[in-house]
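Data file: upload.tsv. Format and content: TSV, C-alpha atoms.
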chain	number	residue	atom	x	y	z
A	246	MET	CA	0.00	0.00	0.00
A	247	ASN	CA	1.53	3.33	-1.04
A	248	ASN	CA	1.51	6.43	1.12
A	249	LYS	CA	-1.39	8.02	-0.76
A	250	THR	CA	-3.54	4.93	-0.37
A	251	PHE	CA	-2.68	4.67	3.37
A	252	SER	CA	-3.54	8.32	3.94
A	253	ALA	CA	-6.86	7.95	2.13
A	254	VAL	CA	-7.79	4.87	4.16
A	255	ALA	CA	-6.80	6.56	7.43
A	256	LEU	CA	-8.84	9.65	6.57
A	257	THR	CA	-11.86	7.51	5.72
A	258	ARG	CA	-11.61	5.65	9.04
A	259	ARG	CA	-11.29	8.88	10.98
A	260	ALA	CA	-14.33	10.28	9.19
A	261	SER	CA	-16.34	7.14	9.94
A	262	LEU	CA	-15.38	7.18	13.61
A	263	ALA	CA	-16.29	10.86	13.88
A	264	ALA	CA	-19.64	10.22	12.25
A	265	LEU	CA	-20.33	7.34	14.65
A	266	ALA	CA	-19.42	9.53	17.61
A	267	VAL	CA	-21.77	12.30	16.45
A	268	SER	CA	-24.56	9.77	15.90
A	269	ALA	CA	-24.06	8.25	19.37
A	270	LEU	CA	-24.14	11.70	20.96
A	271	ALA	CA	-27.31	12.58	19.08
A	272	LEU	CA	-28.98	9.34	20.17
A	273	ALA	CA	-27.91	9.85	23.78
A	274	THR	CA	-29.21	13.43	23.72
A	275	PHE	CA	-32.50	12.32	22.18
A	276	ALA	CA	-32.95	9.46	24.64
A	277	ALA	CA	-32.01	11.41	27.78
A	278	PRO	CA	-35.06	12.55	29.81
A	279	LEU	CA	-35.68	16.26	30.13
A	280	PRO	CA	-34.23	17.59	33.38
A	281	SER	CA	-36.80	18.07	36.14
A	282	VAL	CA	-36.41	20.82	38.69
A	283	ALA	CA	-38.09	18.65	41.30
A	284	ALA	CA	-36.46	15.39	40.14
A	285	ASP	CA	-39.94	13.80	39.95
A	286	LYS	CA	-40.32	14.02	43.72
A	287	SER	CA	-43.52	13.36	45.69
A	288	ILE	CA	-44.23	15.44	48.79
A	289	LYS	CA	-46.97	15.99	51.38
A	290	VAL	CA	-48.06	19.54	52.19
A	291	GLY	CA	-50.18	20.42	55.22
A	292	ILE	CA	-52.91	23.01	54.66
A	293	MET	CA	-56.06	24.14	56.45
A	294	SER	CA	-59.33	22.56	55.36
A	295	GLY	CA	-61.82	24.70	53.46
A	296	GLU	CA	-61.20	27.34	50.83
A	297	ASP	CA	-57.47	26.72	50.69
A	298	GLU	CA	-58.12	23.24	49.32
A	299	ASP	CA	-59.41	24.83	46.09
A	300	VAL	CA	-56.31	27.01	45.83
A	301	TRP	CA	-53.99	24.06	46.38
A	302	ARG	CA	-55.66	22.01	43.67
A	303	VAL	CA	-54.32	24.59	41.23
A	304	VAL	CA	-50.91	24.61	42.96
A	305	THR	CA	-50.80	20.83	42.62
A	306	ALA	CA	-51.56	21.04	38.90
A	307	GLU	CA	-48.84	23.66	38.39
A	308	ALA	CA	-46.31	21.56	40.32
A	309	GLU	CA	-47.11	18.44	38.34
A	310	LYS	CA	-46.05	20.25	35.15
A	311	LYS	CA	-42.62	20.64	36.74
A	312	GLY	CA	-42.23	17.06	37.94
A	313	LEU	CA	-43.33	17.64	41.53
A	314	LYS	CA	-46.23	15.58	42.84
A	315	ILE	CA	-48.07	17.12	45.79
A	316	GLU	CA	-50.41	15.35	48.18
A	317	THR	CA	-52.24	17.84	50.39
A	318	ILE	CA	-52.97	16.87	54.01
A	319	THR	CA	-55.77	18.92	55.57
A	320	PHE	CA	-55.91	20.08	59.18
A	321	ASN	CA	-58.67	21.70	61.21
A	322	ASP	CA	-56.67	23.66	63.79
A	323	TYR	CA	-53.44	25.63	63.88
A	324	THR	CA	-51.50	23.46	66.32
A	325	GLN	CA	-51.18	20.31	64.23
A	326	PRO	CA	-49.42	21.29	60.97
A	327	ASN	CA	-46.12	22.35	62.58
A	328	GLU	CA	-46.10	19.32	64.83
A	329	ALA	CA	-46.61	17.06	61.81
A	330	LEU	CA	-43.87	18.87	59.88
A	331	GLU	CA	-41.40	18.60	62.72
A	332	ARG	CA	-42.07	14.86	63.04
A	333	GLY	CA	-41.58	14.34	59.30
A	334	GLU	CA	-45.16	13.27	58.67
A	335	ILE	CA	-45.42	16.01	56.03
A	336	ASP	CA	-42.72	17.78	53.99
A	337	ALA	CA	-44.09	21.32	54.09
A	338	ASN	CA	-47.04	23.32	55.35
A	339	ALA	CA	-48.78	26.53	54.33
A	340	PHE	CA	-51.06	28.14	56.91
A	341	GLN	CA	-49.18	30.49	59.25
A	342	HIS	CA	-47.50	33.87	59.60
A	343	GLN	CA	-44.11	34.65	61.13
A	344	PRO	CA	-45.25	35.78	64.60
A	345	TYR	CA	-47.13	32.50	64.99
A	346	LEU	CA	-44.16	30.41	63.84
A	347	ASP	CA	-41.79	32.37	66.08
A	348	ASN	CA	-43.95	31.56	69.08
A	349	GLN	CA	-44.21	27.90	68.08
A	350	ILE	CA	-40.42	27.67	67.78
A	351	LYS	CA	-39.99	29.36	71.16
A	352	THR	CA	-42.51	27.01	72.78
A	353	HIS	CA	-41.66	23.71	71.08
A	354	GLY	CA	-38.17	24.14	69.66
A	355	TYR	CA	-39.27	23.41	66.09
A	356	HIS	CA	-36.69	23.52	63.28
A	357	ILE	CA	-39.00	25.13	60.73
A	358	VAL	CA	-38.32	28.05	58.37
A	359	ARG	CA	-40.24	30.26	55.93
A	360	VAL	CA	-39.46	29.69	52.24
A	361	GLY	CA	-42.10	31.62	50.27
A	362	TYR	CA	-45.03	33.95	50.97
A	363	THR	CA	-48.60	33.07	49.97
A	364	GLY	CA	-51.28	35.52	51.14
A	365	VAL	CA	-52.42	37.86	53.86
A	366	TRP	CA	-55.83	37.92	55.53
A	367	PRO	CA	-56.34	41.15	57.50
A	368	ILE	CA	-57.88	40.30	60.87
A	369	GLY	CA	-61.08	42.20	61.65
A	370	LEU	CA	-63.56	43.19	64.34
A	371	TYR	CA	-66.98	41.68	63.59
A	372	THR	CA	-70.40	42.19	65.12
A	373	LYS	CA	-74.01	41.39	64.30
A	374	LYS	CA	-75.35	43.96	66.76
A	375	TYR	CA	-73.72	47.29	65.92
A	376	LYS	CA	-72.96	49.32	62.82
A	377	ALA	CA	-69.83	51.09	64.09
A	378	VAL	CA	-67.16	50.78	66.75
A	379	SER	CA	-68.55	53.84	68.51
A	380	GLU	CA	-71.82	51.96	69.16
A	381	ILE	CA	-70.17	49.21	71.22
A	382	PRO	CA	-71.53	49.81	74.76
A	383	GLU	CA	-69.90	49.79	78.15
A	384	GLY	CA	-69.48	46.26	79.50
A	385	ALA	CA	-69.71	44.67	76.05
A	386	ILE	CA	-68.40	41.12	75.69
A	387	VAL	CA	-65.68	40.91	73.03
A	388	GLY	CA	-64.17	37.64	71.86
A	389	LEU	CA	-60.52	37.20	70.84
A	390	PRO	CA	-58.50	34.24	69.51
A	391	ASN	CA	-56.51	32.75	72.39
A	392	ASP	CA	-53.30	31.63	70.64
A	393	PRO	CA	-50.42	33.98	71.52
A	394	SER	CA	-49.69	35.57	68.15
A	395	ASN	CA	-53.31	36.10	67.11
A	396	GLU	CA	-54.34	37.38	70.54
A	397	GLY	CA	-51.71	40.10	70.34
A	398	ARG	CA	-52.84	40.88	66.82
A	399	ALA	CA	-56.47	41.13	67.93
A	400	LEU	CA	-55.62	43.37	70.88
A	401	ARG	CA	-53.88	45.77	68.51
A	402	VAL	CA	-57.07	46.03	66.47
A	403	LEU	CA	-58.94	47.04	69.62
A	404	GLN	CA	-56.20	49.52	70.50
A	405	ASN	CA	-56.23	51.03	67.00
A	406	GLU	CA	-59.96	51.64	67.43
A	407	GLY	CA	-59.50	53.32	70.84
A	408	LEU	CA	-61.30	50.57	72.76
A	409	ILE	CA	-58.28	49.69	74.92
A	410	LYS	CA	-54.70	50.77	75.46
A	411	LEU	CA	-51.73	48.42	75.83
A	412	LYS	CA	-48.72	49.24	77.96
A	413	ASP	CA	-45.84	50.94	76.16
A	414	GLY	CA	-43.31	48.65	74.53
A	415	THR	CA	-45.73	45.75	74.23
A	416	GLY	CA	-44.72	43.56	71.32
A	417	ILE	CA	-46.82	41.58	68.88
A	418	LEU	CA	-47.37	38.87	71.50
A	419	ALA	CA	-49.43	41.08	73.79
A	420	THR	CA	-51.94	39.46	76.15
A	421	ILE	CA	-54.91	40.80	78.08
A	422	ALA	CA	-52.51	41.27	81.00
A	423	ASP	CA	-50.91	44.06	78.97
A	424	ILE	CA	-54.09	46.14	78.86
A	425	THR	CA	-53.54	49.35	80.85
A	426	GLU	CA	-56.73	51.19	79.90
A	427	ASN	CA	-60.21	49.79	79.21
A	428	PRO	CA	-62.52	52.82	79.27
A	429	LYS	CA	-65.65	50.89	78.27
A	430	LYS	CA	-64.88	48.11	80.75
A	431	LEU	CA	-65.07	45.52	77.99
A	432	GLU	CA	-65.26	41.90	79.06
A	433	ILE	CA	-62.61	40.10	77.00
A	434	LYS	CA	-63.24	36.42	76.26
A	435	GLU	CA	-60.33	34.35	74.97
A	436	LEU	CA	-61.51	31.57	72.66
A	437	ASP	CA	-59.97	29.13	70.21
A	438	ALA	CA	-59.38	30.81	66.83
A	439	GLY	CA	-61.70	28.33	65.14
A	440	ILE	CA	-64.50	28.94	67.65
A	441	VAL	CA	-64.48	32.71	68.19
A	442	GLY	CA	-66.23	33.49	64.90
A	443	ARG	CA	-68.87	30.81	65.43
A	444	SER	CA	-69.59	32.30	68.86
A	445	ILE	CA	-70.50	35.72	67.46
A	446	ASP	CA	-74.19	35.34	68.37
A	447	ASP	CA	-73.23	35.02	72.04
A	448	LEU	CA	-70.89	38.02	71.92
A	449	ASP	CA	-71.27	41.73	71.32
A	450	ALA	CA	-68.28	41.68	68.98
A	451	ALA	CA	-65.28	39.51	68.15
A	452	VAL	CA	-61.91	39.87	66.50
A	453	VAL	CA	-61.76	37.03	63.99
A	454	ASN	CA	-59.12	35.83	61.54
A	455	THR	CA	-60.47	36.37	58.03
A	456	ASP	CA	-60.22	32.70	57.00
A	457	TRP	CA	-62.17	31.67	60.10
A	458	ALA	CA	-64.66	34.48	59.51
A	459	LEU	CA	-65.45	32.95	56.12
A	460	LYS	CA	-65.80	29.50	57.64
A	461	SER	CA	-68.10	30.95	60.31
A	462	GLY	CA	-70.41	32.54	57.75
A	463	LEU	CA	-69.43	36.11	58.64
A	464	SER	CA	-69.48	38.64	55.81
A	465	PRO	CA	-67.52	41.87	55.21
A	466	LYS	CA	-70.66	43.90	56.03
A	467	GLU	CA	-70.41	42.59	59.60
A	468	ARG	CA	-66.79	43.77	59.89
A	469	ILE	CA	-66.64	47.20	61.51
A	470	ALA	CA	-62.84	47.49	61.73
A	471	GLN	CA	-59.72	45.72	60.52
A	472	GLU	CA	-55.95	45.94	60.90
A	473	PRO	CA	-53.86	47.97	58.41
A	474	ILE	CA	-52.65	46.10	55.32
A	475	SER	CA	-49.47	48.09	54.66
A	476	ASP	CA	-46.33	46.74	56.38
A	477	ASN	CA	-48.39	43.85	57.70
A	478	PRO	CA	-46.18	41.31	59.54
A	479	TYR	CA	-48.87	38.65	59.27
A	480	ARG	CA	-48.32	37.46	55.72
A	481	ASN	CA	-48.77	33.70	55.47
A	482	PHE	CA	-46.13	31.49	53.87
A	483	ILE	CA	-44.96	28.02	52.90
A	484	ALA	CA	-42.68	26.48	55.55
A	485	VAL	CA	-40.32	23.49	55.56
A	486	LYS	CA	-37.81	21.90	57.89
A	487	GLU	CA	-34.61	23.94	58.06
A	488	ASP	CA	-32.54	21.15	56.48
A	489	ASN	CA	-34.67	21.32	53.32
A	490	LYS	CA	-34.79	25.09	52.78
A	491	ASP	CA	-32.38	25.04	49.81
A	492	ALA	CA	-33.68	21.85	48.18
A	493	ASP	CA	-34.67	21.99	44.51
A	494	TRP	CA	-38.15	20.67	45.27
A	495	VAL	CA	-38.71	23.57	47.67
A	496	LYS	CA	-37.96	26.09	44.92
A	497	THR	CA	-40.36	24.23	42.65
A	498	LEU	CA	-43.04	24.20	45.35
A	499	VAL	CA	-42.78	27.95	45.90
A	500	SER	CA	-42.86	28.76	42.17
A	501	SER	CA	-45.87	26.46	41.79
A	502	TYR	CA	-47.74	28.73	44.21
A	503	GLN	CA	-46.42	32.11	43.16
A	504	ASN	CA	-47.89	32.44	39.67
A	505	ASP	CA	-50.85	33.94	37.82
A	506	ALA	CA	-52.90	30.72	37.66
A	507	VAL	CA	-52.87	30.31	41.44
A	508	LYS	CA	-53.49	34.02	42.03
A	509	ALA	CA	-56.61	33.86	39.85
A	510	GLU	CA	-57.98	30.94	41.89
A	511	PHE	CA	-56.97	32.64	45.15
A	512	ASP	CA	-58.89	35.80	44.20
A	513	LYS	CA	-61.90	33.72	43.14
A	514	VAL	CA	-61.99	31.68	46.34
A	515	TYR	CA	-61.36	34.45	48.86
A	516	LYS	CA	-63.38	37.16	47.09
A	517	GLY	CA	-61.01	39.93	48.12
A	518	THR	CA	-60.92	39.04	51.82
A	519	GLY	CA	-57.43	37.62	51.30
A	520	LEU	CA	-54.69	39.19	49.21
A	521	SER	CA	-51.75	37.56	47.44
A	522	ALA	CA	-48.62	38.55	49.35
A	523	TYR	CA	-45.54	37.72	47.25
Structure translated into C-alpha cells:
Amino acid sequence: MNNKTFSAVALTRRASLAALAVSALALATFAAPLPSVAADKSIKVGIMSGEDEDVWRVVTAEAEKKGLKIETITFNDYTQPNEALERGEIDANAFQHQPYLDNQIKTHGYHIVRVGYTGVWPIGLYTKKYKAVSEIPEGAIVGLPNDPSNEGRALRVLQNEGLIKLKDGTGILATIADITENPKKLEIKELDAGIVGRSIDDLDAAVVNTDWALKSGLSPKERIAQEPISDNPYRNFIAVKEDNKDADWVKTLVSSYQNDAVKAEFDKVYKGTGLSAY
C-alpha cells in the first residue's frame, strides 16, 4: 500500500469514527429525559381545610407540570401542621404567619423556616349587633383568639380603634394582662381561633381571623374594623424543615404557588378578603 492509499484509508476511518461519535451523541441526547427541577419528587403539604383546598388544587396542577407531585394533608386547627412537619409526617405546610411560627419555635423548639409567601388575611372586628365601633356599649363582651400571636394581633385592632390601650413597649405577642386602659370596661373572652367566629351570636363583637370568619359565615358587612394592610407582619407562607430550605423541590413548590394561575384561583376563592402577598 503506497503512502497516498494509506492516507486515504486513514482519513476515511477517521471520518467514519467521527460520524459514529456524532450519531451516538445525538442518540444519547434524544434518549435522555428532560431535566426536572423537582427530580420527579412526591411530597406531602399540610394546609387548612376549606377554601385553601381549592387554591392548592391549582398549585398541585402547576407543580405536576414541573415534575413535583403534591399530596395535600388537611388540618382543622393551627396546632397540628407544625407538629406534623417537625415529626416528618409532612414535607411542608402553608397556613401560618411569622409571629405564629416564632412563638411555636420558642414554645416547642421546632426547626422550621419560611421559604415563600402566599397571602395575607387582615384580621377584623366583627359584630351582628352594631354598625360602628362607637356603638359598642360599656361592659360589652368581646371575643378574641386565644393563641399567643393572634391574641396580640387582635388586641392591637382594639387599641387602634380606641377601645383599649396596651402598655408601652408591648410587642406583637401582647396578652390581656398588657391592657392598661379599658374605658368601656369591655369583658374580653379568649376563645380558640376556630371557635371565636362561630360564637359571634353570644358576643357583642369579636376579633376574627379572616379565613375563620369565612368558615363561620361572617361577611364583610359585619366587619366594623380591621388591621392595616401596609407593612403587615402577618403574611402567610410556605414552611419546611430547616434542612430542606435550599432543596430543589422547595424552589419548585414555591414557584408552583407564586404564579398567575394560582393568584386567579386565590382571588376567586377568597373574594377579596385575602390578598396575594408575594
If you count all atoms listed in the file, which residues fall within 9 Å of Ala377 of chain A, apart from same-chain ones fewer than 2 positions away, as a compact mmCIF listing (two decimals) with C-alpha atoms, in the frame of the given file?
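Now in part33.txt:
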# COMPACT_ATOMS: atom_id res chain seq x y z
CA THR A 372 -70.40 42.19 65.12
CA TYR A 375 -73.72 47.29 65.92
CA SER A 379 -68.55 53.84 68.51
CA GLU A 380 -71.82 51.96 69.16
CA ILE A 381 -70.17 49.21 71.22
CA ARG A 468 -66.79 43.77 59.89
CA ILE A 469 -66.64 47.20 61.51
CA ALA A 470 -62.84 47.49 61.73
*Spatial sel., origin (-52.4, 24.4, 54.2), limit 7 Å, all atoms listed in the file, listed as a ChimeraX atom specification*: /A:290-293,297,319,338-340
Let's have the selection written as a PDB file, in the coordinates of the input, with C-alpha atoms.
ATOM      1  CA  VAL A 290     -48.060  19.540  52.190  1.00  0.00           C
ATOM      2  CA  GLY A 291     -50.180  20.420  55.220  1.00  0.00           C
ATOM      3  CA  ILE A 292     -52.910  23.010  54.660  1.00  0.00           C
ATOM      4  CA  MET A 293     -56.060  24.140  56.450  1.00  0.00           C
ATOM      5  CA  ASP A 297     -57.470  26.720  50.690  1.00  0.00           C
ATOM      6  CA  THR A 319     -55.770  18.920  55.570  1.00  0.00           C
ATOM      7  CA  ASN A 338     -47.040  23.320  55.350  1.00  0.00           C
ATOM      8  CA  ALA A 339     -48.780  26.530  54.330  1.00  0.00           C
ATOM      9  CA  PHE A 340     -51.060  28.140  56.910  1.00  0.00           C
TER      10      PHE A 340
END
(message) Could you list, as a ChimeraX atom specification, every residue within 12 Å of Gly333 of chain A, counting only C-alpha atoms and ignoring same-chain residues fewer than 6 positions away?
(response) /A:288-291,326-327,355-357,485-489
task: Pick out the residues sitting within 12 Å of Leu463 of chain A, and hand them over as a VMD selection string; count all atoms listed in the file, and ignore anything fewer than 6 positions along from it in its own chain.
output: chain A and resid 369 to 373 441 to 446 450 to 457 469 518
Expressed in Å, the length from atom CA of His342 of chain A to atom CA of Thr324 of chain A is 13.0 Å
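If all atoms listed in the file are the atoms counted, then among A:Ile440, A:Ile350, A:Ala422, A:Val360 the closest residue to Val499 of chain A is A:Val360.
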